[in-house]
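The next block is run.cif, given as mmCIF, C-alpha atoms.
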```
data_work
loop_
_atom_site.label_atom_id
_atom_site.label_comp_id
_atom_site.auth_asym_id
_atom_site.auth_seq_id
_atom_site.Cartn_x
_atom_site.Cartn_y
_atom_site.Cartn_z
CA MET A 1 -63.49 52.16 -19.90
CA ARG A 2 -65.67 50.81 -22.66
CA ILE A 3 -68.45 53.17 -21.61
CA ALA A 4 -66.55 56.30 -22.53
CA PRO A 5 -66.75 56.02 -26.35
CA LEU A 6 -70.46 55.24 -26.23
CA LEU A 7 -71.07 58.23 -24.03
CA GLY A 8 -68.97 60.34 -26.38
CA ALA A 9 -71.04 59.23 -29.33
CA LEU A 10 -74.23 59.99 -27.48
CA LEU A 11 -73.07 63.42 -26.46
CA LEU A 12 -72.20 64.20 -30.07
CA ALA A 13 -75.53 62.88 -31.21
CA ALA A 14 -77.47 65.09 -28.84
CA ALA A 15 -76.64 68.32 -30.64
CA GLY A 16 -76.59 71.68 -28.91
CA PRO A 17 -74.70 73.11 -25.97
CA ALA A 18 -74.64 71.09 -22.76
CA PRO A 19 -76.70 72.73 -20.02
CA ALA A 20 -74.76 73.95 -17.02
CA GLN A 21 -74.55 71.29 -14.34
CA THR A 22 -75.77 72.42 -10.97
CA SER A 23 -74.73 69.35 -9.03
CA THR A 24 -73.21 65.90 -9.35
CA ALA A 25 -76.67 64.37 -9.12
CA ASP A 26 -77.85 66.46 -12.09
CA GLY A 27 -74.82 65.38 -14.08
CA ILE A 28 -75.56 61.74 -13.35
CA ALA A 29 -79.22 62.22 -14.26
CA GLN A 30 -78.20 63.81 -17.58
CA TYR A 31 -75.81 60.93 -18.33
CA ARG A 32 -78.57 58.39 -17.65
CA ALA A 33 -81.10 60.23 -19.81
CA LEU A 34 -78.66 60.11 -22.73
CA LEU A 35 -78.15 56.38 -22.28
CA ALA A 36 -81.81 55.49 -21.85
CA ASP A 37 -82.61 56.34 -25.46
CA GLY A 38 -80.55 53.49 -26.88
CA ASN A 39 -80.99 50.79 -24.28
CA PRO A 40 -79.47 47.56 -25.65
CA ALA A 41 -81.94 45.60 -23.50
CA GLU A 42 -84.16 45.88 -26.60
CA LEU A 43 -81.87 43.36 -28.28
CA TRP A 44 -82.63 40.88 -25.48
CA GLU A 45 -86.35 41.63 -25.66
CA ALA A 46 -86.37 40.68 -29.35
CA LYS A 47 -84.42 37.49 -28.67
CA GLY A 48 -86.69 36.61 -25.75
CA GLU A 49 -89.85 37.05 -27.80
CA ALA A 50 -88.51 34.67 -30.45
CA LEU A 51 -87.51 32.15 -27.74
CA TRP A 52 -90.96 32.33 -26.12
CA LYS A 53 -92.61 31.35 -29.41
CA GLN A 54 -90.00 28.87 -30.63
CA ARG A 55 -90.55 25.11 -30.26
CA ARG A 56 -87.55 23.83 -28.31
CA GLY A 57 -86.24 21.06 -26.09
CA PRO A 58 -87.00 17.34 -26.03
CA GLY A 59 -90.72 18.23 -25.73
CA ASN A 60 -90.51 20.29 -28.95
CA ALA A 61 -92.86 22.85 -27.42
CA SER A 62 -92.96 26.63 -27.20
CA LEU A 63 -93.49 28.44 -23.90
CA GLU A 64 -96.76 29.96 -25.12
CA ALA A 65 -98.71 27.56 -22.85
CA CYS A 66 -96.71 28.72 -19.80
CA ASP A 67 -98.83 30.16 -16.99
CA LEU A 68 -97.02 33.15 -15.45
CA GLY A 69 -99.88 33.75 -13.03
CA LEU A 70 -102.51 35.37 -15.25
CA GLY A 71 -103.39 32.22 -17.21
CA ALA A 72 -101.61 30.13 -19.83
CA GLY A 73 -99.71 32.27 -22.31
CA VAL A 74 -100.63 35.66 -20.80
CA VAL A 75 -97.43 37.74 -20.77
CA LYS A 76 -98.65 41.34 -20.48
CA GLY A 77 -99.09 42.34 -16.85
CA ALA A 78 -97.69 39.09 -15.45
CA PHE A 79 -94.34 40.54 -14.39
CA VAL A 80 -95.76 43.16 -12.01
CA GLU A 81 -97.62 40.45 -10.04
CA LEU A 82 -94.59 38.21 -9.48
CA PRO A 83 -93.48 36.51 -7.25
CA ARG A 84 -96.81 34.83 -6.46
CA TRP A 85 -98.15 31.45 -5.35
CA PHE A 86 -98.77 28.81 -8.02
CA ALA A 87 -101.24 25.99 -7.53
CA ASP A 88 -99.45 23.46 -9.76
CA THR A 89 -96.08 23.64 -7.99
CA ARG A 90 -97.58 24.63 -4.59
CA ARG A 91 -94.80 27.20 -4.25
CA VAL A 92 -94.35 30.94 -4.33
CA GLN A 93 -92.28 31.55 -7.46
CA ASP A 94 -90.57 34.49 -9.05
CA LEU A 95 -90.26 34.98 -12.80
CA GLU A 96 -87.04 33.03 -13.18
CA SER A 97 -88.08 30.04 -11.07
CA ARG A 98 -91.43 29.99 -12.89
CA LEU A 99 -89.63 29.93 -16.24
CA LEU A 100 -87.56 26.96 -15.03
CA THR A 101 -90.82 25.17 -14.17
CA CYS A 102 -92.26 25.84 -17.63
CA MET A 103 -89.04 24.94 -19.44
CA GLN A 104 -89.06 21.61 -17.61
CA SER A 105 -92.78 20.77 -17.80
CA LEU A 106 -93.43 21.99 -21.35
CA GLN A 107 -90.10 21.70 -23.13
CA GLY A 108 -88.58 18.82 -21.18
CA LEU A 109 -85.42 20.76 -20.29
CA ASP A 110 -83.69 19.96 -17.00
CA ALA A 111 -84.52 22.80 -14.57
CA ALA A 112 -81.89 21.72 -12.02
CA ALA A 113 -79.20 21.72 -14.71
CA ILE A 114 -80.23 25.22 -15.86
CA ALA A 115 -80.18 26.47 -12.25
CA ALA A 116 -76.63 25.10 -11.90
CA THR A 117 -75.42 26.71 -15.15
CA PRO A 118 -73.28 29.86 -14.72
CA PHE A 119 -75.03 33.16 -15.53
CA GLY A 120 -74.95 34.12 -19.19
CA LYS A 121 -74.04 30.63 -20.43
CA GLY A 122 -76.14 28.05 -22.29
CA GLU A 123 -79.79 27.99 -21.25
CA GLN A 124 -79.12 30.68 -18.63
CA ALA A 125 -78.56 33.14 -21.49
CA ASN A 126 -81.95 32.12 -22.88
CA VAL A 127 -83.60 32.67 -19.49
CA GLU A 128 -82.10 36.19 -19.45
CA SER A 129 -83.62 36.95 -22.87
CA LEU A 130 -87.00 35.57 -21.79
CA VAL A 131 -86.89 37.67 -18.63
CA ALA A 132 -86.21 40.79 -20.73
CA TYR A 133 -89.15 40.05 -23.03
CA ILE A 134 -91.61 39.25 -20.24
CA SER A 135 -90.67 42.24 -18.07
CA ALA A 136 -90.81 44.57 -21.09
CA ALA A 137 -94.42 43.50 -21.72
CA SER A 138 -95.31 45.07 -18.35
CA ARG A 139 -93.30 48.28 -18.76
CA GLY A 140 -95.12 51.21 -17.19
CA LEU A 141 -97.56 49.01 -15.27
CA LYS A 142 -97.71 49.27 -11.49
CA PHE A 143 -96.48 46.57 -9.11
CA ASN A 144 -99.30 44.78 -7.38
CA LEU A 145 -98.07 41.53 -5.85
CA PRO A 146 -100.83 39.30 -4.51
CA GLN A 147 -100.75 38.79 -0.74
CA ALA A 148 -104.08 37.00 -0.39
CA ARG A 149 -102.63 33.59 0.45
CA ALA A 150 -100.92 32.69 3.72
CA GLU A 151 -97.93 31.31 1.76
CA GLU A 152 -97.43 34.70 0.08
CA ARG A 153 -97.65 36.58 3.37
CA GLN A 154 -95.23 34.12 4.92
CA MET A 155 -92.73 34.68 2.10
CA TYR A 156 -93.00 38.43 2.71
CA GLU A 157 -92.09 37.93 6.39
CA VAL A 158 -89.24 35.56 5.47
CA GLY A 159 -87.97 38.07 2.90
CA LYS A 160 -88.06 40.84 5.49
CA ARG A 161 -85.91 38.76 7.84
CA VAL A 162 -83.45 37.80 5.09
CA PHE A 163 -83.21 41.48 4.13
CA HIS A 164 -82.28 42.45 7.68
CA PHE A 165 -80.05 39.41 8.38
CA ARG A 166 -76.54 40.56 9.29
CA ALA A 167 -73.67 38.13 8.79
CA GLY A 168 -70.49 37.45 6.88
CA PRO A 169 -66.97 38.86 7.37
CA TYR A 170 -68.27 42.44 6.92
CA ASP A 171 -71.26 41.94 9.23
CA PHE A 172 -73.46 43.17 6.38
CA ALA A 173 -77.13 42.88 5.60
CA CYS A 174 -79.12 44.14 2.60
CA VAL A 175 -80.40 46.88 4.90
CA SER A 176 -76.83 48.12 5.55
CA CYS A 177 -76.86 49.80 2.12
CA HIS A 178 -80.56 49.87 1.29
CA GLY A 179 -82.05 51.16 4.55
CA GLU A 180 -81.49 54.89 4.08
CA ALA A 181 -82.27 57.38 1.30
CA GLY A 182 -79.67 59.49 -0.51
CA LYS A 183 -76.77 57.02 -0.51
CA ARG A 184 -74.83 55.88 -3.53
CA ILE A 185 -71.92 53.67 -4.57
CA ARG A 186 -69.94 55.58 -7.21
CA LEU A 187 -72.49 56.62 -9.86
CA GLN A 188 -75.25 54.32 -8.72
CA ASP A 189 -77.91 55.57 -6.33
CA LEU A 190 -78.84 53.12 -3.63
CA PRO A 191 -82.60 52.99 -3.25
CA ASN A 192 -84.06 52.67 0.21
CA LEU A 193 -85.86 49.34 -0.13
CA THR A 194 -87.41 49.33 3.34
CA VAL A 195 -90.00 51.78 1.98
CA ASN A 196 -91.45 52.19 -1.53
CA PRO A 197 -88.56 53.75 -3.50
CA GLY A 198 -90.93 55.03 -6.23
CA ASP A 199 -91.52 54.53 -9.95
CA GLY A 200 -88.77 52.76 -11.86
CA VAL A 201 -86.37 52.61 -8.91
CA GLY A 202 -85.05 49.58 -7.01
CA PHE A 203 -87.17 46.48 -7.56
CA ALA A 204 -89.03 48.29 -10.37
CA ALA A 205 -85.79 48.78 -12.38
CA TRP A 206 -84.73 45.13 -12.74
CA PRO A 207 -84.09 43.22 -15.03
CA ALA A 208 -81.62 45.71 -16.49
CA TYR A 209 -78.82 46.03 -19.04
CA ARG A 210 -75.46 46.55 -17.35
CA LEU A 211 -73.28 48.86 -19.43
CA SER A 212 -70.15 47.92 -17.51
CA SER A 213 -70.36 44.29 -18.57
CA GLY A 214 -72.68 44.50 -21.58
CA GLU A 215 -74.98 41.91 -20.04
CA LEU A 216 -78.63 41.71 -19.17
CA TRP A 217 -79.18 40.87 -15.52
CA GLY A 218 -82.36 39.43 -14.09
CA MET A 219 -83.31 39.77 -10.42
CA GLN A 220 -81.62 36.44 -9.60
CA ARG A 221 -78.28 37.69 -10.90
CA ARG A 222 -78.76 41.06 -9.22
CA LEU A 223 -79.29 39.34 -5.85
CA ASN A 224 -76.40 36.96 -6.47
CA ASP A 225 -74.08 39.93 -6.99
CA CYS A 226 -75.48 41.77 -3.95
CA TYR A 227 -74.48 38.75 -1.89
CA ARG A 228 -71.04 38.67 -3.52
CA GLN A 229 -70.57 42.32 -2.56
CA GLN A 230 -71.59 41.48 1.01
CA ARG A 231 -69.04 38.59 0.99
CA PHE A 232 -71.82 36.10 1.72
CA PRO A 233 -71.90 32.59 0.26
CA PHE A 234 -73.79 32.66 -3.06
CA PRO A 235 -77.51 31.97 -2.71
CA GLY A 236 -78.93 29.09 -4.75
CA TYR A 237 -80.40 30.10 -8.12
CA ALA A 238 -84.19 30.45 -7.80
CA SER A 239 -83.90 29.38 -4.14
CA ASP A 240 -86.67 30.21 -1.68
CA ALA A 241 -84.46 32.80 0.06
CA THR A 242 -84.05 34.80 -3.18
CA ILE A 243 -87.76 34.48 -3.99
CA ALA A 244 -88.65 35.66 -0.46
CA LEU A 245 -86.47 38.74 -1.00
CA GLY A 246 -88.35 39.33 -4.25
CA VAL A 247 -91.68 39.14 -2.44
CA TYR A 248 -90.46 41.56 0.24
CA MET A 249 -89.12 44.11 -2.25
CA GLY A 250 -92.08 43.66 -4.60
CA VAL A 251 -94.69 44.19 -1.91
CA GLN A 252 -92.80 47.26 -0.66
CA ALA A 253 -92.85 48.60 -4.23
CA LYS A 254 -96.65 48.28 -4.53
CA GLY A 255 -97.97 50.97 -6.89
CA ALA A 256 -94.54 51.80 -8.34
CA ALA A 257 -94.42 51.70 -12.15
CA SER A 258 -91.99 49.18 -13.64
CA SER A 259 -89.26 50.56 -15.92
CA ALA A 260 -87.77 47.11 -16.55
CA PRO A 261 -85.73 46.23 -18.48
CA ALA A 262 -83.85 49.38 -17.47
CA ILE A 263 -80.28 50.47 -18.18
CA LYS A 264 -77.60 50.63 -15.51
CA ARG A 265 -74.04 51.85 -15.32
CA MET B 266 -75.29 34.17 -37.35
CA SER B 267 -75.63 37.61 -35.84
CA ASP B 268 -78.75 38.95 -34.18
CA PRO B 269 -80.88 41.55 -35.94
CA MET B 270 -80.38 45.26 -35.39
CA ARG B 271 -83.09 47.45 -33.94
CA ILE B 272 -83.66 50.45 -36.20
CA ARG B 273 -86.00 53.35 -35.45
CA ALA B 274 -86.39 56.06 -38.07
CA GLN B 275 -88.71 59.03 -37.63
CA VAL B 276 -89.38 62.18 -39.63
CA GLN B 277 -87.92 65.21 -37.90
CA GLY B 278 -88.15 68.64 -39.53
CA SER B 279 -86.99 68.43 -43.15
CA GLY B 280 -85.30 65.06 -42.63
CA ALA B 281 -85.37 61.98 -40.46
CA ILE B 282 -83.67 60.95 -37.26
CA VAL B 283 -82.37 57.39 -37.29
CA ARG B 284 -81.48 55.42 -34.19
CA VAL B 285 -79.75 52.05 -34.49
CA LEU B 286 -78.88 49.43 -31.90
CA MET B 287 -76.50 46.73 -33.08
CA SER B 288 -75.84 43.42 -31.38
CA HIS B 289 -72.09 42.82 -31.38
CA GLU B 290 -69.42 41.72 -28.91
CA MET B 291 -66.92 44.43 -29.97
CA GLU B 292 -63.91 42.68 -28.45
CA THR B 293 -60.87 44.95 -28.42
CA GLY B 294 -58.26 42.19 -28.54
CA LEU B 295 -56.71 43.61 -25.38
CA ARG B 296 -58.62 41.60 -22.80
CA LYS B 297 -57.46 38.33 -21.34
CA ASP B 298 -59.72 35.47 -20.35
CA ALA B 299 -59.72 33.59 -17.04
CA ALA B 300 -56.90 31.35 -18.30
CA GLY B 301 -54.72 34.37 -19.14
CA LYS B 302 -55.07 33.96 -22.90
CA THR B 303 -55.77 37.01 -25.04
CA VAL B 304 -59.35 37.25 -26.26
CA PRO B 305 -58.96 37.88 -30.00
CA ALA B 306 -60.22 41.14 -31.45
CA TRP B 307 -63.69 40.92 -32.91
CA HIS B 308 -65.36 44.16 -33.82
CA ILE B 309 -67.27 46.00 -36.50
CA THR B 310 -65.00 47.69 -39.02
CA GLU B 311 -67.44 49.35 -41.43
CA VAL B 312 -70.93 50.77 -41.06
CA THR B 313 -72.98 52.14 -43.93
CA ALA B 314 -76.44 53.63 -44.10
CA ALA B 315 -78.40 53.89 -47.32
CA LEU B 316 -81.56 55.85 -48.04
CA ASN B 317 -83.56 54.10 -50.78
CA GLY B 318 -80.34 52.38 -51.90
CA LYS B 319 -78.18 55.52 -51.97
CA THR B 320 -75.39 55.64 -49.40
CA VAL B 321 -75.85 58.54 -46.99
CA LEU B 322 -73.39 57.59 -44.28
CA SER B 323 -70.29 55.46 -44.15
CA ALA B 324 -68.09 55.02 -41.12
CA GLN B 325 -64.99 53.11 -40.16
CA TRP B 326 -65.22 51.67 -36.67
CA GLY B 327 -62.58 50.19 -34.42
CA THR B 328 -61.97 48.82 -30.97
CA ALA B 329 -62.98 52.00 -29.16
CA ILE B 330 -66.69 51.48 -29.83
CA ALA B 331 -68.74 49.95 -27.01
CA LYS B 332 -70.32 46.50 -26.96
CA ASN B 333 -73.84 46.44 -28.43
CA PRO B 334 -73.28 49.87 -30.00
CA PHE B 335 -75.93 52.53 -30.34
CA THR B 336 -75.67 55.10 -33.10
CA GLN B 337 -77.90 58.00 -34.07
CA PHE B 338 -77.83 60.36 -37.05
CA VAL B 339 -80.01 62.73 -39.06
CA VAL B 340 -80.68 62.30 -42.80
CA LYS B 341 -81.64 65.48 -44.62
CA GLY B 342 -84.42 65.24 -47.18
CA ALA B 343 -85.72 61.86 -46.01
CA LYS B 344 -89.50 61.42 -46.13
CA ALA B 345 -91.98 59.11 -44.45
CA GLY B 346 -92.12 55.79 -46.28
CA ASP B 347 -88.49 55.95 -47.41
CA LYS B 348 -86.40 52.87 -46.76
CA ILE B 349 -83.30 53.16 -44.61
CA THR B 350 -80.81 50.29 -44.74
CA ILE B 351 -78.01 49.85 -42.23
CA SER B 352 -75.17 47.43 -42.91
CA TRP B 353 -72.05 46.48 -41.03
CA VAL B 354 -69.01 44.32 -41.70
CA ASP B 355 -66.78 43.02 -38.91
CA ASN B 356 -63.14 41.93 -38.88
CA HIS B 357 -64.19 38.27 -39.26
CA GLY B 358 -65.83 39.23 -42.53
CA ASP B 359 -69.32 38.68 -41.08
CA LYS B 360 -71.97 40.95 -42.54
CA ARG B 361 -75.34 42.09 -41.38
CA SER B 362 -77.88 44.29 -43.09
CA ASP B 363 -81.27 45.39 -41.78
CA GLU B 364 -83.90 47.67 -43.22
CA ALA B 365 -86.52 49.96 -41.71
CA THR B 366 -89.18 52.25 -43.08
CA ILE B 367 -89.16 55.87 -41.99
CA ALA B 368 -92.31 56.68 -40.02
#
```

Can you turn what I pasted into structure tokens?
Amino acid sequence: MRIAPLLGALLLAAAGPAPAQTSTADGIAQYRALLADGNPAELWEAKGEALWKQRRGPGNASLEACDLGLGAGVVKGAFVELPRWFADTRRVQDLESRLLTCMQSLQGLDAAAIAATPFGKGEQANVESLVAYISAASRGLKFNLPQARAEERQMYEVGKRVFHFRAGPYDFACVSCHGEAGKRIRLQDLPNLTVNPGDGVGFAAWPAYRLSSGELWGMQRRLNDCYRQQRFPFPGYASDATIALGVYMGVQAKGAASSAPAIKR
Amino acid sequence: MSDPMRIRAQVQGSGAIVRVLMSHEMETGLRKDAAGKTVPAWHITEVTAALNGKTVLSAQWGTAIAKNPFTQFVVKGAKAGDKITISWVDNHGDKRSDEATIA
């Protein structure tokens, strides 16, 4: 209901007669194209960049020494190679769990406390901004998750099983909605994540700004809500199960260009 | 303290096209929180745009505008290098003003 005025404003702004719609899908595509021009995720990107460089926490340190996989402080290109294995933690980590590691080791913040904080509150809001900034630095680059290590290949296999695991009161699995092309829930297309869904679709479209709630969602929050919709218990924030799903989807999306942070209904 | 706006201004034909993203909650005053209490209205009430200090657009906004609003308009006669300033005032009396150079 709060989307309507924005859409109205955008339609007015894009002067000229509206082209005839040939199908519902075309209408949806036109609506998205209008929205994409003023993606509020940019506001999070700006906040995240400032947070990355700002000295914070008991350690009074910035995150500029944080190694996201391409060396300390390298942001550009890091996002499209995550999740990956890290030697210091001896774990496969996604962007959000890696940020928790850096916030704890460099800034002295309590990673467990941040993981237990509700989405969008306190330090979690800062993680969301950081995620927007870091993913934006890899916009247009192609996903290329490393699979050289046994741990990374194992996480892929675990992720594949989690993706296909049917349970809960609805007897649902991720694959129930994301195993077939051409499906949608209301206005949102459901990408088939068992194959490479293509550039800027599925895994390559998150983090994203959600118009319906006016929030920026990282992959952790996206997965958390997928599980809510399946009526599963909530997965732990930055837990191995969520990271394994990231590895599975990321490896499937190899070669797809990232459009993150994207804009969603 | 409000977050900065993102302003993009580009020459287009004999003028410039300006795109602005503002960071604001835009609460309508109609929603209720988890405890059932009304969330008080908090939204932008006035937006002005100035080209080199001269007002070229002024608008009165209300509760029907989306959160983190995006607005776009064309200024006739604007040239590259001109300064465009966007300002807003909300119903708490908070103000924000940001400037961009037309490219």

Please identify all polymer residues within 6 Å of region 332-349 of chain B, counting only C-alpha atoms, omitting same-chain residues fewer than 5 positions from it, and present them as an NGL selection string. (:A and (38)) or (:B and (279-291 or 315-317 or 364-368))

field: Chain and number of each residue from the PyMOL selection byres ((chain A and resi 226) around 12), as a ChimeraX atom specification
entry: /A:163,172-178,190,219-225,227-235,242,245

Here CA of Val354 (chain B) and CA of Asn39 (chain A) stand apart by 22.1 Å

Select, from B:Ser362, B:Thr303, B:Thr328, B:Thr310, the residue with the minimum atom-to-atom distance to chain A, counting only C-alpha atoms.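 Result for the nearest residue to chain A: B:Thr328.
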
* List as a PyMOL selection string: which residues have an atom within 6 Å of (-95.7, 30.0, -19.6), counting all atoms listed in the file? -> chain A and resi 63-68+72-73+102

Generate a file of the selected residues that holds C-alpha atoms, formatted as a PDB file, in the frame of the given file.
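out18.pdb was written with the following content:
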```
ATOM      1  CA  LEU A  63     -93.490  28.440 -23.900  1.00  0.00           C
ATOM      2  CA  GLU A  64     -96.760  29.960 -25.120  1.00  0.00           C
ATOM      3  CA  ALA A  65     -98.710  27.560 -22.850  1.00  0.00           C
ATOM      4  CA  CYS A  66     -96.710  28.720 -19.800  1.00  0.00           C
ATOM      5  CA  ASP A  67     -98.830  30.160 -16.990  1.00  0.00           C
ATOM      6  CA  LEU A  68     -97.020  33.150 -15.450  1.00  0.00           C
ATOM      7  CA  ALA A  72    -101.610  30.130 -19.830  1.00  0.00           C
ATOM      8  CA  GLY A  73     -99.710  32.270 -22.310  1.00  0.00           C
ATOM      9  CA  CYS A 102     -92.260  25.840 -17.630  1.00  0.00           C
TER      10      CYS A 102
END
```

Original post:
Which residues fall under the PyMOL selection byres ((chain A and resi 186) around 12) in this file, as an MDAnalysis selection string?
Top reply: chainID A and resid 24:25 28 183:185 187:190 265

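Excluding Leu145 (chain A) and any residue on its chain fewer than 4 positions from it, the residues at most 9 Å away by only C-alpha atoms are Val80, Glu81, Leu82, Pro83, Arg84, Val247, Gly250, Val251, Ala253 and Lys254 of chain A.
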
Quiz item: Residues picked by the PyMOL selection byres ((chain A and resi 141) around 10) here, as a VMD selection string?
Solution: chain A and resid 76 to 80 136 to 140 142 to 144 199 204 255 to 259

From the list A:Glu215, A:Glu180, A:Glu123, A:Asp171, which residue is nearest chain B when using only C-alpha atoms?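 Smallest separation from chain B among the options: A:Glu215.
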
| message | Ranking B:Ala329, B:Val312, B:Ile351, B:Leu295 by minimum distance to Arg271 (chain B) and counting all atoms listed in the file, which one comes first? | response |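 Residue with the minimum atom-to-atom distance to Arg271 (chain B): B:Ile351.
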
*Please measure the separation of CA of Ala50 (chain A) and CA of Met270 (chain B), giving the value in Å to one decimal.*
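Interatomic distance here is 14.2 Å.
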
Can you sort out region 31-42 of chain A so it carries N, CA and C atoms, written as a compact mmCIF listing (two decimals), keeping the file's coordinate frame?
```
# COMPACT_ATOMS: atom_id res chain seq x y z
N TYR A 31 -76.52 62.07 -17.74
CA TYR A 31 -75.81 60.93 -18.33
C TYR A 31 -76.77 59.76 -18.54
N ARG A 32 -77.62 59.50 -17.55
CA ARG A 32 -78.57 58.39 -17.65
C ARG A 32 -79.61 58.64 -18.73
N ALA A 33 -80.08 59.89 -18.82
CA ALA A 33 -81.10 60.23 -19.81
C ALA A 33 -80.57 59.99 -21.22
N LEU A 34 -79.28 60.32 -21.42
CA LEU A 34 -78.66 60.11 -22.73
C LEU A 34 -78.58 58.62 -23.05
N LEU A 35 -78.29 57.82 -22.05
CA LEU A 35 -78.15 56.38 -22.28
C LEU A 35 -79.49 55.70 -22.52
N ALA A 36 -80.52 56.19 -21.84
CA ALA A 36 -81.81 55.49 -21.85
C ALA A 36 -82.40 55.39 -23.25
N ASP A 37 -82.03 56.33 -24.13
CA ASP A 37 -82.61 56.34 -25.46
C ASP A 37 -82.19 55.14 -26.31
N GLY A 38 -81.01 54.63 -26.07
CA GLY A 38 -80.55 53.49 -26.88
C GLY A 38 -80.25 52.30 -26.01
N ASN A 39 -81.21 51.89 -25.23
CA ASN A 39 -80.99 50.79 -24.28
C ASN A 39 -80.85 49.45 -25.00
N PRO A 40 -79.66 48.83 -24.95
CA PRO A 40 -79.47 47.56 -25.65
C PRO A 40 -80.32 46.42 -25.11
N ALA A 41 -81.03 46.63 -24.00
CA ALA A 41 -81.94 45.60 -23.50
C ALA A 41 -82.97 45.23 -24.57
N GLU A 42 -83.23 46.16 -25.49
CA GLU A 42 -84.16 45.88 -26.60
C GLU A 42 -83.71 44.68 -27.41
```
